[in-house]
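Engineer: Here it is: the structure, laid out below.
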Amino acid sequence: FEAYVDEHVNYVASEFVSQNANDPLKTYHCYLIELQRSFGYEHMLHNIVLAVGTKLEFGDKYSFDLDVDRGTLTVGFKYVGIVSLTSEEVLLCQRFQITIFRVLLDHNWTKLKEVLGASTLSSDLALLDYLLLPSTTSSQKPFCIDWRSVKAVLFPYKIMLNDHKNCSPKGCGVHTKNGLVCRCMLENSLVYTPHNCHVYCITGIFDNLDGNSLLELKDGEAISYKAYYERRHGVMLQFEREPFLKGRHIFPVQNHLQRCRRQKEKEPSNASVELPPELCFIIMSPISVDTFYTFSYVPSIMHRVESLLIAANLKNMHAVYCKQSVVIPTLKQLLQKCQEKFHLESLETLGDSFLKYAACQQLFAMHQNHHEGLLSAKKDKIISNAALCKLGCDRKIPGFIRNEPFEPKMWIIPGDPSGHYALEEELLSNTTKAYSRGRRKVKGKAVADVVEALIGAFLSSGGEVAALSFMDWLGIKVDFLNIAYQRHFPVHPEKLLNIRYLESLLKYSFRDASLLVEALTHGSYMLPDIPRCYQRLEFLGDSVLDYLVTMHLYHTYPGMSPGLLTDLRSASVNNDCYAQSAVKAGLHRHILHASSELHRHITATVHQFEQQSLESTFGWESETSFPKVLGDVIESLAGAIFVDSGYNKETVFRSIGPLLEPMVTPETVRINPVRELTELCQKEHYNMKNPFRSCDNGVKYITVEVEANGIVYKESCSAANKDMAKRLACK
């Protein structure tokens, strides 16, 4: 393959892009974002209107949960109709959302002024063009834009005077940096205080607190607020008798998509402050603190929606190629590095297993005269990370991958001219247009992992036909052809094996018992009448069993956490696990071989295994070093039954499945000690040195060394093979 280039474009949702920024009248499709929380809090959540130029992929209704500081926030999307806005109204809405998001993200009035003072957007540029607006309830309409809050960015404006008709005629004037204003303009407003360059939401007025009131400092000293401001900020209050404002620091915008967030019990003590009105410059009015609280969740919500739409664009590319209707869980194509509640690992495991199974079955049937080594080499060319990465790049999949945690400060505010982003247009297919924002690095293995996860997504949602269709679109051509298997074995297999006993053990009657002979023939047992050993059937059976066990685990434990399927599969599909099953079933007595060394190894292993505790062990929990042939025959028998039954997977699992009992469960699974130690060292930043290996008279010695907090831990173990020795040392 050509050298992999790890820089790739970063696609954005094309549904959110517009090139007609200056249309005199624009039509938007509106979705009501309904927010429901599982926790109580002093500030209320309000619904939000999402207005976009085109209907979105997720239909008329869609919902998901966010794990936020205090509990669960359920986000629901409901399509509520179409609205037409004039260019002036669009600009007003853009000014509103730029102001509110810039304040939430930057907490900086100076930067906001620069943004709002920037030149208007050019109509010939591709821009993120959608609106996020506060909503009010209405019995006559499915939704209603809260224009009063939107117009708060125009403060002061003449129409506001009509809102003051119910104000008290006496004592309602308050001095601010904007001049003398009615106190009702301050009670729900956003202000900037030049003396400390902070931005605050004003939630009320302290009628009994002014510049002459006493403030108790941390050292116990009590001084007037007037004296405090002069001492701390060098500011002389001119209107010390005017009541102070109740201010609140701006809510932080966090990544609410990350899993395992901690619960926050209470507000920090400095969340609320007392402010002299004369030191405040009004930025927005009227605007409630609840609006800012609600909009602080929007970047995380929209990042989730953007990810969904980007994945839907990829699905549409395949739909153009294949007309079969398949509903694919587009939200699951995230890498673990995103640190969200879900990621692609379970689907990757599923896709990896199916890909291996499909490739091996095809190669086995098409190349009946190739030995196992040749078949394995051909398989690797199909399913290797390098091969999958190239196919993924050819289909432009890297641009759709999300491989970094969401960073709210990097979120693009729609309509913001200061974003310094340029969207480049490209055609993904004859009917699919995409826009990209810059370039970023994506590792080749990440591309391969996503390709496998996409295969898994099609498999879990649409079955094998859908998965094969997606593989065909990628460029992996697989046909499950029932080609007759050429056999070169004797007519009387019962002379070599106790066929009836083995069939009763396997609970399967062979139509061609010569396959049973082939499955149990070791490479050392090469007689003129038996030209083949079990390795070809092992090659096939390995992939079939892997796929069957993986699918069994996937369906038996639905909703398992990401990564658990990988652990269950690793603990179930391995040579040690199969070897234990072979010994317990007594299959070692029926292997045809002519090796005295193998005989001694099998005899010693069986004796050691029988001496161990009768307590069940799963795979690598056993400390017995099994000869590889014992695990191989389980796979070769699976391959033999698969071929003899006309490539019937269910027949294979009915026969071999009971031999593998008890199978590992989420309660009994234990992580491989090598992986467990490696992950611990990575998490705690311990130094794990490369293992030291040695060999003496066929015995493998491994020394594992870890330096943790200045202390060196070292363990040496021996075993018949290096993998077992390393596992024991890590354990």
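Going through the structure tokens in order, the chains are called A, B, and so on, while each chain numbers its residues from 1 and the ligands are numbered from 1 in the order shown.
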Please identify all polymer residues within 12 Å of Ala3 (chain A), counting only C-alpha atoms, omitting same-chain residues fewer than 4 positions from it, and present them as a VMD selection string.
Structural biologist: chain A and resid 386 to 387 389 to 390 444
Engineer: Could you tell me, as an NGL selection string, which residues of region 540-719 of chain A DSSP assigns to alpha helix (DSSP H) when given the backbone?
Structural biologist: :A and (540-556 or 564-572 or 575-585 or 596-611 or 628-644 or 649-656 or 673-684)
Engineer: Counting only C-alpha atoms, which of A:Ile483, A:Ile205, A:Met471, A:Leu423 gets nearest to His367 (chain A)?
Structural biologist: A:Ile483
Engineer: Quick one: everything within 12 Å of His318 (chain A), counting only C-alpha atoms, minus sequence neighbours fewer than 6 positions away in the same chain. Send it as a PDB file with N, CA and C atoms, in the first residue's frame.
Structural biologist:
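Just written: part_28.pdb:
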```pdb
ATOM      1  N   ALA A 311     -22.837  11.711  10.347  1.00  0.00           N
ATOM      2  CA  ALA A 311     -22.911  10.265  10.139  1.00  0.00           C
ATOM      3  C   ALA A 311     -24.014   9.918   9.146  1.00  0.00           C
ATOM      4  N   ALA A 312     -25.123  10.653   9.197  1.00  0.00           N
ATOM      5  CA  ALA A 312     -26.215  10.415   8.252  1.00  0.00           C
ATOM      6  C   ALA A 312     -25.774  10.703   6.825  1.00  0.00           C
ATOM      7  N   GLN A 324     -31.213  -0.803  -0.833  1.00  0.00           N
ATOM      8  CA  GLN A 324     -31.850  -1.514   0.267  1.00  0.00           C
ATOM      9  C   GLN A 324     -32.063  -0.569   1.447  1.00  0.00           C
ATOM     10  N   SER A 325     -33.266  -0.594   2.015  1.00  0.00           N
ATOM     11  CA  SER A 325     -33.585   0.295   3.136  1.00  0.00           C
ATOM     12  C   SER A 325     -33.124  -0.332   4.441  1.00  0.00           C
ATOM     13  N   VAL A 326     -32.130   0.282   5.062  1.00  0.00           N
ATOM     14  CA  VAL A 326     -31.598  -0.217   6.330  1.00  0.00           C
ATOM     15  C   VAL A 326     -31.451   0.957   7.286  1.00  0.00           C
ATOM     16  N   ILE A 328     -29.616   2.475  10.181  1.00  0.00           N
ATOM     17  CA  ILE A 328     -28.309   2.286  10.814  1.00  0.00           C
ATOM     18  C   ILE A 328     -28.160   3.248  11.989  1.00  0.00           C
ATOM     19  N   ARG A 395     -13.118   5.877   0.291  1.00  0.00           N
ATOM     20  CA  ARG A 395     -14.520   6.286   0.439  1.00  0.00           C
ATOM     21  C   ARG A 395     -14.664   7.545   1.300  1.00  0.00           C
ATOM     22  N   LYS A 396     -13.541   8.199   1.589  1.00  0.00           N
ATOM     23  CA  LYS A 396     -13.518   9.479   2.320  1.00  0.00           C
ATOM     24  C   LYS A 396     -14.098   9.381   3.724  1.00  0.00           C
ATOM     25  N   ILE A 397     -13.990   8.205   4.328  1.00  0.00           N
ATOM     26  CA  ILE A 397     -14.522   8.001   5.674  1.00  0.00           C
ATOM     27  C   ILE A 397     -13.796   8.819   6.738  1.00  0.00           C
ATOM     28  N   LEU A 428     -19.151  14.335  -2.571  1.00  0.00           N
ATOM     29  CA  LEU A 428     -18.830  12.980  -2.123  1.00  0.00           C
ATOM     30  C   LEU A 428     -19.368  11.950  -3.107  1.00  0.00           C
ATOM     31  N   SER A 429     -20.462  12.283  -3.748  1.00  0.00           N
ATOM     32  CA  SER A 429     -21.048  11.434  -4.787  1.00  0.00           C
ATOM     33  C   SER A 429     -21.824  12.353  -5.719  1.00  0.00           C
ATOM     34  N   ASN A 430     -22.512  11.757  -6.681  1.00  0.00           N
ATOM     35  CA  ASN A 430     -23.260  12.573  -7.637  1.00  0.00           C
ATOM     36  C   ASN A 430     -24.378  13.366  -6.969  1.00  0.00           C
ATOM     37  N   THR A 431     -24.847  12.866  -5.818  1.00  0.00           N
ATOM     38  CA  THR A 431     -25.979  13.519  -5.157  1.00  0.00           C
ATOM     39  C   THR A 431     -25.651  14.037  -3.763  1.00  0.00           C
ATOM     40  N   THR A 432     -24.456  13.762  -3.267  1.00  0.00           N
ATOM     41  CA  THR A 432     -24.105  14.144  -1.897  1.00  0.00           C
ATOM     42  C   THR A 432     -23.009  15.200  -1.900  1.00  0.00           C
ATOM     43  N   LEU A 454     -18.515   0.306  11.235  1.00  0.00           N
ATOM     44  CA  LEU A 454     -19.592   0.525  10.274  1.00  0.00           C
ATOM     45  C   LEU A 454     -20.141  -0.800   9.760  1.00  0.00           C
ATOM     46  N   ILE A 455     -19.258  -1.755   9.510  1.00  0.00           N
ATOM     47  CA  ILE A 455     -19.716  -3.100   9.130  1.00  0.00           C
ATOM     48  C   ILE A 455     -20.581  -3.667  10.246  1.00  0.00           C
ATOM     49  N   PHE A 458     -24.087  -1.980  10.248  1.00  0.00           N
ATOM     50  CA  PHE A 458     -24.965  -2.536   9.217  1.00  0.00           C
ATOM     51  C   PHE A 458     -25.408  -3.946   9.589  1.00  0.00           C
ATOM     52  N   ALA A 466     -27.153  -6.685   4.626  1.00  0.00           N
ATOM     53  CA  ALA A 466     -26.800  -5.263   4.702  1.00  0.00           C
ATOM     54  C   ALA A 466     -25.304  -5.086   4.908  1.00  0.00           C
ATOM     55  N   ALA A 467     -24.714  -5.926   5.773  1.00  0.00           N
ATOM     56  CA  ALA A 467     -23.272  -5.827   6.028  1.00  0.00           C
ATOM     57  C   ALA A 467     -22.480  -6.137   4.766  1.00  0.00           C
ATOM     58  N   SER A 469     -23.533  -5.756   1.731  1.00  0.00           N
ATOM     59  CA  SER A 469     -23.750  -4.641   0.803  1.00  0.00           C
ATOM     60  C   SER A 469     -22.796  -3.491   1.113  1.00  0.00           C
ATOM     61  N   PHE A 470     -22.630  -3.175   2.403  1.00  0.00           N
ATOM     62  CA  PHE A 470     -21.714  -2.102   2.780  1.00  0.00           C
ATOM     63  C   PHE A 470     -20.276  -2.480   2.443  1.00  0.00           C
ATOM     64  N   MET A 471     -19.907  -3.742   2.691  1.00  0.00           N
ATOM     65  CA  MET A 471     -18.561  -4.204   2.355  1.00  0.00           C
ATOM     66  C   MET A 471     -18.327  -4.108   0.852  1.00  0.00           C
ATOM     67  N   ASP A 472     -19.350  -4.431   0.075  1.00  0.00           N
ATOM     68  CA  ASP A 472     -19.237  -4.339  -1.382  1.00  0.00           C
ATOM     69  C   ASP A 472     -19.018  -2.886  -1.802  1.00  0.00           C
ATOM     70  N   TRP A 473     -19.725  -1.952  -1.146  1.00  0.00           N
ATOM     71  CA  TRP A 473     -19.544  -0.520  -1.423  1.00  0.00           C
ATOM     72  C   TRP A 473     -18.123  -0.078  -1.093  1.00  0.00           C
ATOM     73  N   LEU A 474     -17.562  -0.642  -0.025  1.00  0.00           N
ATOM     74  CA  LEU A 474     -16.184  -0.322   0.342  1.00  0.00           C
ATOM     75  C   LEU A 474     -15.183  -0.846  -0.680  1.00  0.00           C
ATOM     76  N   GLY A 475     -15.529  -1.983  -1.295  1.00  0.00           N
ATOM     77  CA  GLY A 475     -14.602  -2.622  -2.226  1.00  0.00           C
ATOM     78  C   GLY A 475     -14.195  -4.014  -1.801  1.00  0.00           C
TER      79      GLY A 475
END
```
Engineer: Just checking: using only C-alpha atoms, which residue out of A:Lys689, A:His249, A:Lys378, A:Lys218 ends up closest to Thr193 (chain A)?
Structural biologist: A:His249
Engineer: Go through A:Glu2, A:Glu216, A:Glu278, A:Glu57 one by one, measure the shortest atom-to-atom distance of each to Ser307 (chain A) using only C-alpha atoms, and give the residue with the smallest value.
Structural biologist: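 Checking each of A:Glu2, A:Glu216, A:Glu278, A:Glu57 against Ser307 (chain A), counting only C-alpha atoms, the winner is A:Glu57.
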Engineer: Counting only C-alpha atoms, which of A:Ala640, A:Ala585, A:Ala571, A:Val549 gets nearest to Thr521 (chain A)?
Structural biologist: A:Ala640
Engineer: Name the residues of region 434-662 of chain A that fall into strand (DSSP E or B) according to DSSP on the backbone, using the chain letters and numbers of this document, as JSON, numbers by chain.
Structural biologist: {"A": [434, 435, 436, 437, 438, 439, 440, 441, 521, 527, 530, 592]}
Engineer: How many Å lie between CA of Phe406 (chain A) and CA of Arg437 (chain A), rounded to one decimal?
Structural biologist: 15.2 Å
Engineer: Name all residues at most 7 Å from Val478 (chain A) (count only C-alpha atoms; drop same-chain ones fewer than 3 positions away) and give them as a PyMOL selection string.
Structural biologist: chain A and resi 358-359+362+468
Engineer: Taking 2 positions as the minimum chain separation for residues in the same chain, which residues sit within 8 Å of region 102-117 of chain A when counting only C-alpha atoms? Answer as a VMD selection string.
Structural biologist: chain A and resid 95 98 to 100 119 192 197 to 199 250 to 253 292 296 408 to 409 416 to 418
Engineer: May I have the residues from that selection written out with C-alpha atoms, as a short mmCIF file (atom, residue, chain, number, x, y, z; two decimals), in the first residue's frame?
Structural biologist:
```cif
data_model
loop_
_atom_site.label_atom_id
_atom_site.label_comp_id
_atom_site.auth_asym_id
_atom_site.auth_seq_id
_atom_site.Cartn_x
_atom_site.Cartn_y
_atom_site.Cartn_z
CA ARG A 95 -26.87 39.05 16.60
CA ILE A 98 -23.70 35.52 18.69
CA THR A 99 -24.09 37.73 21.76
CA ILE A 100 -25.42 35.05 24.08
CA SER A 119 -18.41 43.53 8.80
CA TYR A 192 -20.59 44.54 32.02
CA CYS A 197 -13.93 43.47 33.25
CA HIS A 198 -16.58 40.93 34.27
CA VAL A 199 -19.99 40.14 32.80
CA ILE A 250 -22.11 33.67 33.84
CA PHE A 251 -22.69 29.90 33.71
CA PRO A 252 -19.70 27.89 32.48
CA VAL A 253 -20.19 26.05 29.20
CA PHE A 292 -28.43 31.98 29.83
CA SER A 296 -25.28 26.97 28.36
CA PRO A 408 -16.96 23.92 23.76
CA LYS A 409 -14.63 26.86 23.07
CA ASP A 416 -20.41 34.42 13.85
CA PRO A 417 -18.11 36.34 11.45
CA SER A 418 -15.20 36.10 13.89
#
```
Engineer: What is the distance between CA of Gly373 (chain A) and CA of Leu540 (chain A), in Å to one decimal?
Structural biologist: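 Going from CA of Gly373 (chain A) over to CA of Leu540 (chain A), I get 12.2 Å.
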Engineer: Out of A:Val191, A:Ala222, A:Ala152, A:Ile310, which residue has the shortest atom-to-atom distance to Ser285 (chain A) when counting only C-alpha atoms?
Structural biologist: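 Of A:Val191, A:Ala222, A:Ala152, A:Ile310, the one nearest Ser285 (chain A), counting only C-alpha atoms, is A:Ala152.
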Engineer: Which residue out of A:Asn687, A:Gln580, A:Thr72, A:Ser718 has the minimum interatomic distance to Tyr701 (chain A) when only C-alpha atoms are used?
Structural biologist: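 Of the candidates, the smallest distance to Tyr701 (chain A) is held by A:Ser718.
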Engineer: Please identify all polymer residues within 12 Å of His43 (chain A), counting only C-alpha atoms, omitting same-chain residues fewer than 2 positions from it, and present them as a list of chain:residue names.
Structural biologist: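 The contact residues come out as A:Arg37, A:Phe39, A:Gly40, A:Tyr41, A:Leu45, A:His46, A:Thr203, A:Arg248, A:Phe251, A:Glu267, A:Ser288, A:Val289, A:Asp290, A:Thr291, A:Phe292, A:Tyr293, A:Thr294.
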Engineer: At a cut-off of 9 Å, using only C-alpha atoms, what residues contact Tyr525 (chain A)? Leave out same-chain residues fewer than 3 positions from it and give the result as a ChimeraX atom specification.
Structural biologist: /A:521-522,530,533,592-595
Engineer: What does the distance between CA of Leu314 (chain A) and CA of Gly399 (chain A) come to in Å, to one decimal place?
Structural biologist: 9.6 Å
